[in-house]
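Coordinates from run_11.tsv are shown below (TSV, C-alpha atoms).
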```
chain	number	residue	atom	x	y	z
A	17	MET	CA	-7.84	17.85	-11.74
A	18	ASP	CA	-5.29	18.64	-9.01
A	19	ASP	CA	-2.00	19.68	-10.68
A	20	ASP	CA	-0.06	18.25	-7.71
A	21	ALA	CA	-1.84	14.88	-7.78
A	22	ILE	CA	0.27	11.78	-8.27
A	23	ILE	CA	-2.86	9.58	-8.28
A	24	GLU	CA	-6.14	10.74	-9.78
A	25	ILE	CA	-9.28	8.56	-9.55
A	26	ARG	CA	-12.58	9.59	-11.09
A	27	GLY	CA	-15.93	7.79	-11.08
A	28	LEU	CA	-14.35	4.40	-10.28
A	29	ARG	CA	-16.81	1.52	-10.27
A	30	LYS	CA	-15.94	-2.14	-9.75
A	31	ARG	CA	-18.26	-5.13	-9.80
A	32	PHE	CA	-17.77	-8.79	-9.00
A	33	ALA	CA	-20.62	-10.39	-10.97
A	34	GLU	CA	-23.74	-8.58	-9.66
A	35	ASN	CA	-22.01	-7.24	-6.54
A	36	GLU	CA	-20.87	-3.64	-6.98
A	37	VAL	CA	-17.94	-3.23	-4.59
A	38	LEU	CA	-16.86	0.30	-5.58
A	39	LYS	CA	-19.67	2.73	-6.32
A	40	GLY	CA	-18.14	5.79	-7.93
A	41	ILE	CA	-14.89	6.66	-6.15
A	42	ASP	CA	-13.37	10.12	-6.67
A	43	LEU	CA	-9.97	10.62	-5.04
A	44	SER	CA	-6.81	12.67	-5.60
A	45	VAL	CA	-3.57	11.87	-3.79
A	46	ARG	CA	-0.73	14.37	-3.77
A	47	ARG	CA	2.94	13.47	-4.08
A	48	GLY	CA	4.39	12.83	-0.62
A	49	GLU	CA	0.97	12.43	0.99
A	50	VAL	CA	0.18	9.65	3.47
A	51	LEU	CA	-3.42	8.51	3.13
A	52	ALA	CA	-4.95	6.04	5.59
A	53	ILE	CA	-8.01	4.13	4.40
A	54	ILE	CA	-10.26	2.74	7.12
A	55	GLY	CA	-13.64	1.01	7.22
A	56	ARG	CA	-15.37	-2.25	7.94
A	57	SER	CA	-14.52	-5.48	6.18
A	58	GLY	CA	-16.23	-5.53	2.78
A	59	SER	CA	-16.36	-1.75	2.39
A	60	GLY	CA	-14.11	-1.85	-0.71
A	61	LYS	CA	-10.78	-0.73	0.81
A	62	SER	CA	-8.53	-3.50	-0.54
A	63	THR	CA	-10.33	-3.58	-3.87
A	64	LEU	CA	-9.59	0.12	-4.30
A	65	LEU	CA	-5.85	-0.49	-3.83
A	66	ARG	CA	-5.91	-3.42	-6.24
A	67	CYS	CA	-7.59	-1.27	-8.89
A	68	ILE	CA	-4.92	1.42	-8.50
A	69	ASN	CA	-2.08	-0.96	-9.42
A	70	GLY	CA	-4.06	-2.91	-12.00
A	71	LEU	CA	-4.48	-6.18	-10.11
A	72	GLU	CA	-8.25	-5.79	-10.48
A	73	PRO	CA	-9.86	-4.53	-13.69
A	74	PHE	CA	-12.71	-2.07	-13.21
A	75	GLN	CA	-15.85	-1.46	-15.23
A	76	GLU	CA	-16.20	2.33	-15.15
A	77	GLY	CA	-14.19	5.43	-14.37
A	78	SER	CA	-10.50	6.23	-14.66
A	79	VAL	CA	-7.27	5.87	-12.68
A	80	SER	CA	-4.10	7.76	-13.55
A	81	VAL	CA	-0.66	7.64	-11.93
A	82	GLU	CA	1.82	10.45	-12.55
A	83	GLY	CA	-0.45	11.73	-15.30
A	84	THR	CA	-0.59	8.39	-17.17
A	85	ALA	CA	-3.95	6.65	-17.45
A	86	LEU	CA	-4.11	3.06	-16.28
A	87	ARG	CA	-4.85	0.77	-19.24
A	88	PRO	CA	-5.49	-2.77	-17.93
A	89	THR	CA	-5.60	-4.30	-21.44
A	90	ASP	CA	-2.12	-2.99	-22.35
A	91	ALA	CA	0.42	-5.44	-20.85
A	92	THR	CA	3.41	-3.20	-21.60
A	93	ALA	CA	1.77	-0.18	-19.98
A	94	MET	CA	0.80	-2.26	-16.92
A	95	ARG	CA	4.37	-3.48	-16.44
A	96	ALA	CA	5.57	0.12	-16.55
A	97	LEU	CA	2.87	1.15	-14.07
A	98	ARG	CA	3.81	-1.57	-11.57
A	99	GLN	CA	7.38	-0.34	-11.56
A	100	ARG	CA	6.07	2.99	-10.26
A	101	VAL	CA	3.39	1.64	-7.90
A	102	GLY	CA	4.67	-0.81	-5.30
A	103	MET	CA	2.32	-2.96	-3.23
A	104	ILE	CA	2.74	-4.78	0.06
A	105	PHE	CA	0.18	-7.38	1.08
A	106	GLN	CA	-1.03	-8.98	4.32
A	107	SER	CA	0.88	-12.13	3.48
A	108	PHE	CA	4.58	-11.59	2.91
A	109	ASN	CA	4.81	-13.64	-0.33
A	110	LEU	CA	8.58	-14.14	-0.06
A	111	PHE	CA	10.10	-16.86	-2.24
A	112	PRO	CA	11.06	-19.56	0.30
A	113	HIS	CA	13.80	-21.07	-1.90
A	114	LEU	CA	15.66	-17.74	-2.22
A	115	SER	CA	17.74	-15.89	0.34
A	116	VAL	CA	16.48	-12.58	1.70
A	117	GLY	CA	18.95	-10.75	-0.52
A	118	ARG	CA	17.86	-12.61	-3.65
A	119	ASN	CA	14.19	-11.96	-2.82
A	120	ILE	CA	14.90	-8.23	-2.83
A	121	ILE	CA	17.01	-8.06	-5.96
A	122	LEU	CA	15.09	-10.53	-8.16
A	123	ALA	CA	12.66	-8.04	-9.74
A	124	PRO	CA	15.24	-5.25	-10.32
A	125	SER	CA	17.62	-7.79	-11.88
A	126	LEU	CA	14.92	-8.98	-14.31
A	127	VAL	CA	13.37	-5.60	-15.08
A	128	LYS	CA	16.24	-3.14	-14.70
A	129	GLY	CA	19.25	-5.38	-15.25
A	130	LEU	CA	20.58	-4.61	-11.75
A	131	ARG	CA	22.84	-7.59	-11.09
A	132	GLY	CA	26.12	-8.64	-9.51
A	133	VAL	CA	27.86	-6.26	-7.16
A	134	ASP	CA	25.42	-3.41	-7.86
A	135	GLY	CA	22.43	-5.62	-7.12
A	136	GLU	CA	23.90	-6.91	-3.89
A	137	ARG	CA	24.83	-3.39	-2.77
A	138	ARG	CA	21.29	-2.19	-3.41
A	139	ALA	CA	19.76	-5.11	-1.50
A	140	ARG	CA	22.08	-4.53	1.46
A	141	GLU	CA	21.24	-0.82	1.50
A	142	LEU	CA	17.52	-1.61	1.62
A	143	LEU	CA	17.93	-4.24	4.33
A	144	ALA	CA	19.79	-1.69	6.43
A	145	ARG	CA	16.97	0.76	5.80
A	146	VAL	CA	14.40	-1.66	7.29
A	147	GLY	CA	16.66	-2.67	10.17
A	148	LEU	CA	17.77	-6.07	8.84
A	149	ALA	CA	21.32	-5.40	7.69
A	150	ASP	CA	22.55	-8.76	9.00
A	151	ARG	CA	19.92	-10.98	7.31
A	152	PHE	CA	21.06	-10.85	3.66
A	153	ASP	CA	21.84	-14.59	3.49
A	154	ALA	CA	18.93	-15.78	5.66
A	155	HIS	CA	15.86	-17.54	4.26
A	156	ALA	CA	12.23	-16.66	5.00
A	157	ASP	CA	11.69	-19.57	7.39
A	158	GLN	CA	14.50	-18.20	9.58
A	159	LEU	CA	12.70	-14.89	10.08
A	160	SER	CA	9.82	-13.79	12.28
A	161	GLY	CA	6.64	-12.53	10.64
A	162	GLY	CA	7.64	-8.95	11.37
A	163	GLN	CA	11.04	-9.48	9.79
A	164	GLN	CA	9.46	-11.10	6.72
A	165	GLN	CA	7.14	-8.15	6.30
A	166	ARG	CA	10.08	-5.75	6.55
A	167	VAL	CA	11.84	-7.75	3.83
A	168	ALA	CA	8.66	-7.43	1.74
A	169	ILE	CA	8.83	-3.65	2.21
A	170	ALA	CA	12.50	-3.64	1.15
A	171	ARG	CA	11.59	-5.71	-1.90
A	172	ALA	CA	8.90	-3.21	-2.92
A	173	LEU	CA	11.33	-0.32	-2.45
A	174	ALA	CA	13.91	-2.04	-4.67
A	175	MET	CA	11.91	-0.97	-7.73
A	176	ASP	CA	12.08	2.70	-6.67
A	177	PRO	CA	8.30	3.18	-6.71
A	178	ALA	CA	6.72	6.62	-6.71
A	179	VAL	CA	3.79	5.29	-4.67
A	180	LEU	CA	3.57	2.50	-2.10
A	181	LEU	CA	0.25	0.73	-1.47
A	182	CYS	CA	0.00	-1.08	1.88
A	183	ASP	CA	-2.91	-3.50	2.32
A	184	GLU	CA	-3.37	-4.34	6.02
A	185	ILE	CA	0.33	-5.13	6.25
A	186	THR	CA	0.23	-5.78	10.00
A	187	SER	CA	-2.95	-7.87	10.18
A	188	ALA	CA	-1.14	-11.23	9.88
A	189	LEU	CA	1.37	-10.36	12.59
A	190	ASP	CA	1.40	-11.16	16.28
A	191	PRO	CA	0.74	-7.99	18.30
A	192	GLU	CA	4.31	-7.73	19.58
A	193	LEU	CA	5.64	-7.63	15.99
A	194	VAL	CA	3.32	-4.90	14.68
A	195	GLY	CA	5.40	-2.02	16.03
A	196	GLU	CA	8.59	-2.95	14.18
A	197	VAL	CA	6.78	-2.87	10.83
A	198	LEU	CA	4.91	0.37	11.56
A	199	LYS	CA	8.21	1.98	12.59
A	200	VAL	CA	9.58	1.32	9.08
A	201	VAL	CA	6.43	2.71	7.45
A	202	ALA	CA	6.56	5.81	9.64
A	203	GLN	CA	10.16	6.37	8.54
A	204	LEU	CA	9.13	6.09	4.87
A	205	ALA	CA	6.40	8.66	5.50
A	206	GLN	CA	8.93	10.98	7.12
A	207	GLU	CA	11.18	10.62	4.07
A	208	GLY	CA	8.35	11.79	1.80
A	209	MET	CA	7.16	8.52	0.26
A	210	THR	CA	3.60	8.68	-1.11
A	211	LEU	CA	1.70	6.05	0.88
A	212	LEU	CA	-1.83	4.68	0.64
A	213	MET	CA	-2.50	2.44	3.62
A	214	VAL	CA	-5.50	0.26	4.31
A	215	THR	CA	-5.13	-0.19	8.06
A	216	HIS	CA	-6.92	-1.00	11.29
A	217	GLU	CA	-4.13	0.60	13.36
A	218	MET	CA	-6.05	3.75	14.28
A	219	ALA	CA	-3.43	5.24	16.59
A	220	PHE	CA	-0.86	4.90	13.82
A	221	ALA	CA	-3.22	6.45	11.25
A	222	ARG	CA	-3.87	9.39	13.57
A	223	ARG	CA	-0.14	9.94	14.10
A	224	VAL	CA	1.21	9.47	10.56
A	225	ALA	CA	-1.54	10.09	7.99
A	226	HIS	CA	-2.09	13.51	6.42
A	227	ARG	CA	-5.64	12.49	5.54
A	228	VAL	CA	-7.94	9.63	6.49
A	229	VAL	CA	-10.55	8.12	4.17
A	230	PHE	CA	-13.47	6.27	5.77
A	231	MET	CA	-15.07	3.86	3.31
A	232	HIS	CA	-18.56	2.51	3.82
A	233	ALA	CA	-20.57	0.30	1.47
A	234	GLY	CA	-18.31	0.94	-1.52
A	235	ARG	CA	-18.16	4.71	-1.21
A	236	ILE	CA	-15.92	7.32	0.39
A	237	HIS	CA	-18.19	8.25	3.27
A	238	GLU	CA	-15.93	10.76	5.03
A	239	MET	CA	-12.50	12.16	4.25
A	240	GLY	CA	-10.29	14.73	5.94
A	241	PRO	CA	-7.43	15.32	8.38
A	242	ALA	CA	-6.96	12.52	10.91
A	243	ALA	CA	-7.90	14.63	13.92
A	244	GLN	CA	-11.13	15.73	12.25
A	245	LEU	CA	-12.31	12.21	11.46
A	246	PHE	CA	-11.31	10.65	14.77
A	247	ASP	CA	-12.34	13.49	17.08
A	248	ALA	CA	-15.39	14.89	15.27
A	249	PRO	CA	-16.94	12.27	12.95
A	250	ARG	CA	-19.77	13.80	10.97
A	251	THR	CA	-21.80	10.66	10.22
A	252	GLU	CA	-23.42	7.99	12.34
A	253	GLU	CA	-21.68	5.27	10.32
A	254	LEU	CA	-18.22	6.55	11.25
A	255	ARG	CA	-19.23	7.08	14.87
A	256	GLN	CA	-20.43	3.49	15.06
A	257	PHE	CA	-17.27	2.19	13.38
A	258	LEU	CA	-14.99	4.04	15.80
A	259	SER	CA	-17.03	3.09	18.89
A	260	ALA	CA	-16.90	-0.58	17.87
A	261	LEU	CA	-13.09	-0.36	17.96
A	262	GLY	CA	-13.24	0.71	21.57
```

How does the structure come out when it is put into structure tokens?
Amino acid sequence: MDDDAIIEIRGLRKRFAENEVLKGIDLSVRRGEVLAIIGRSGSGKSTLLRCINGLEPFQEGSVSVEGTALRPTDATAMRALRQRVGMIFQSFNLFPHLSVGRNIILAPSLVKGLRGVDGERRARELLARVGLADRFDAHADQLSGGQQQRVAIARALAMDPAVLLCDEITSALDPELVGEVLKVVAQLAQEGMTLLMVTHEMAFARRVAHRVVFMHAGRIHEMGPAAQLFDAPRTEELRQFLSALG
């Protein structure tokens, strides 16, 4: 085991009925590392993220975060885990009946008792951090998709996670809105946030990720520094994947 690892995964296997989606994943992620996960649709990328934060139970292997083993059957332990592991999805999942500010502070108010002036101050700080300082009182339907996704990032950060999981967070956005979201993620990376990103934004992965994981057919097929994987792929599967992207 890597003493510096914040996430440690060993022998992870996940099945949906007879379909084995993850076929023995071994992966260590260090604190402050940015890991980009790439691969074709159906290769197991999103399922891997969902296993890390307990959204999907798995059949074999182990996952630990900050030295604590993930125990999917222990509701108390899972609540504690999700406070440390934030997740941002393709869809923004904002509550339409709440203001932007209330969306951000809802979970910390329920879990950490952060309410009133302190809660509002925290929400405004996070909105400023994602470039939306003036949208505290707005509602989701008044925001663009890129703005909604930035609010979703602020909401995840409100719980002070140790790790942030990003699952294709730009795939539902119009092309002209992608950059504003990636700019926020790049800033988080620069600040030392541990990030695991499933992404199809290869230029961004090359620029920001410390390591890139290429998944193929439920396994980690190649893994290494971004330049190594993009410039000198070792396997035919990765070469074909990259050439298909143009």

* Might you pull out every residue within 8 Å of stretch 105-107 of chain A, with all atoms listed in the file counted and same-chain residues fewer than 3 positions away left off, and present them as a PyMOL selection string? => chain A and resi 165+182-188

Go through stretch 95-173 of chain A residue by residue and, counting all atoms listed in the file, keep those with an atom at most 12 Å from stretch 49-66 of chain A; for each kept residue give the shortest atom pair and its distance in Å to one decimal, ordered by chain and increasing number, as a tab-separated table.
```
residue	atom	partner	partner_atom	distance
A:Arg98	CA	A:Arg66	CA	11.2
A:Val101	CA	A:Leu65	CA	10.3
A:Gly102	CA	A:Leu65	CA	10.6
A:Met103	CA	A:Leu65	CA	8.6
A:Ile104	CA	A:Leu65	CA	10.4
A:Phe105	CA	A:Ser62	CA	9.7
A:Gln106	CA	A:Ser62	CA	10.5
```

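Between A:His226 and the candidates A:Ser160, A:Met213, A:Ser80, A:Gly240, the tightest atom-to-atom separation, counting all atoms listed in the file, involves A:Gly240.
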
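Residue nearest A:Ala139, chosen from A:Ala156, A:Arg151, A:Gly162, A:Ile120 and counting only C-alpha atoms: A:Ile120.
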
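Closest approach to A:Arg137 from the set A:Val81, A:Ala149, A:Leu97, A:Ala225 is made by A:Ala149, with distances taken over all atoms listed in the file.
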
* Tell me which protein, DNA and RNA residues are within 6 Å of stretch 26-31 of chain A, counting all atoms listed in the file, leaving out same-chain ones fewer than 6 positions away, and put them as a list in words. => Val37, Leu38, Lys39, Gly40, Ile41, Asp42, Phe74, Gln75, Glu76, Gly77 and Ser78 of chain A

Export of the given selection (C-alpha atoms) as an mmCIF file, in the frame of the given file:
```
data_model
loop_
_atom_site.group_PDB
_atom_site.id
_atom_site.type_symbol
_atom_site.label_atom_id
_atom_site.label_comp_id
_atom_site.auth_asym_id
_atom_site.auth_seq_id
_atom_site.Cartn_x
_atom_site.Cartn_y
_atom_site.Cartn_z
ATOM 1 C CA VAL A 37 -17.940 -3.230 -4.590
ATOM 2 C CA LEU A 38 -16.860 0.300 -5.580
ATOM 3 C CA LYS A 39 -19.670 2.730 -6.320
ATOM 4 C CA GLY A 40 -18.140 5.790 -7.930
ATOM 5 C CA ILE A 41 -14.890 6.660 -6.150
ATOM 6 C CA ASP A 42 -13.370 10.120 -6.670
ATOM 7 C CA PHE A 74 -12.710 -2.070 -13.210
ATOM 8 C CA GLN A 75 -15.850 -1.460 -15.230
ATOM 9 C CA GLU A 76 -16.200 2.330 -15.150
ATOM 10 C CA GLY A 77 -14.190 5.430 -14.370
ATOM 11 C CA SER A 78 -10.500 6.230 -14.660
#
```

* For A:Ser259, list every protein, DNA or RNA residue within 12 Å, evaluated using only C-alpha atoms, and leave out those in the same chain fewer than 2 positions away; present the list as a ChimeraX atom specification. => /A:218,246-247,249,252-257,261-262

* Asked: Could you tell me, as an MDAnalysis selection string, which residues have any atom at most 6 Å from (-6.5, 9.0, -8.9), counting only C-alpha atoms?
  -> chainID A and resid 23:25 43:44 79:80

* **Separation of atom CA of A:Ala233 from atom CA of A:Arg47 in Å** => 27.5 Å

* To do: Within 10 Å of A:Thr89, counting only C-alpha atoms, which residues show up once you throw out same-chain ones fewer than 5 positions away? Write them as a list of chain:residue names, please.
  => A:Gly70, A:Pro73, A:Met94

* **Residue nearest A:Ala170 among A:Ala202, A:Val127, A:Val116, A:Ala21 (counting all atoms listed in the file)** => A:Val116

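Proximity to A:His155 was assessed for A:Ile169, A:Leu114, A:Leu180, A:Asp134 counting only C-alpha atoms; the smallest distance is recorded for A:Leu114.
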
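When all atoms listed in the file are used to measure the gap to A:Ile236, the shortest distance among A:Val179, A:Arg222, A:Thr251, A:Arg131 belongs to A:Thr251.
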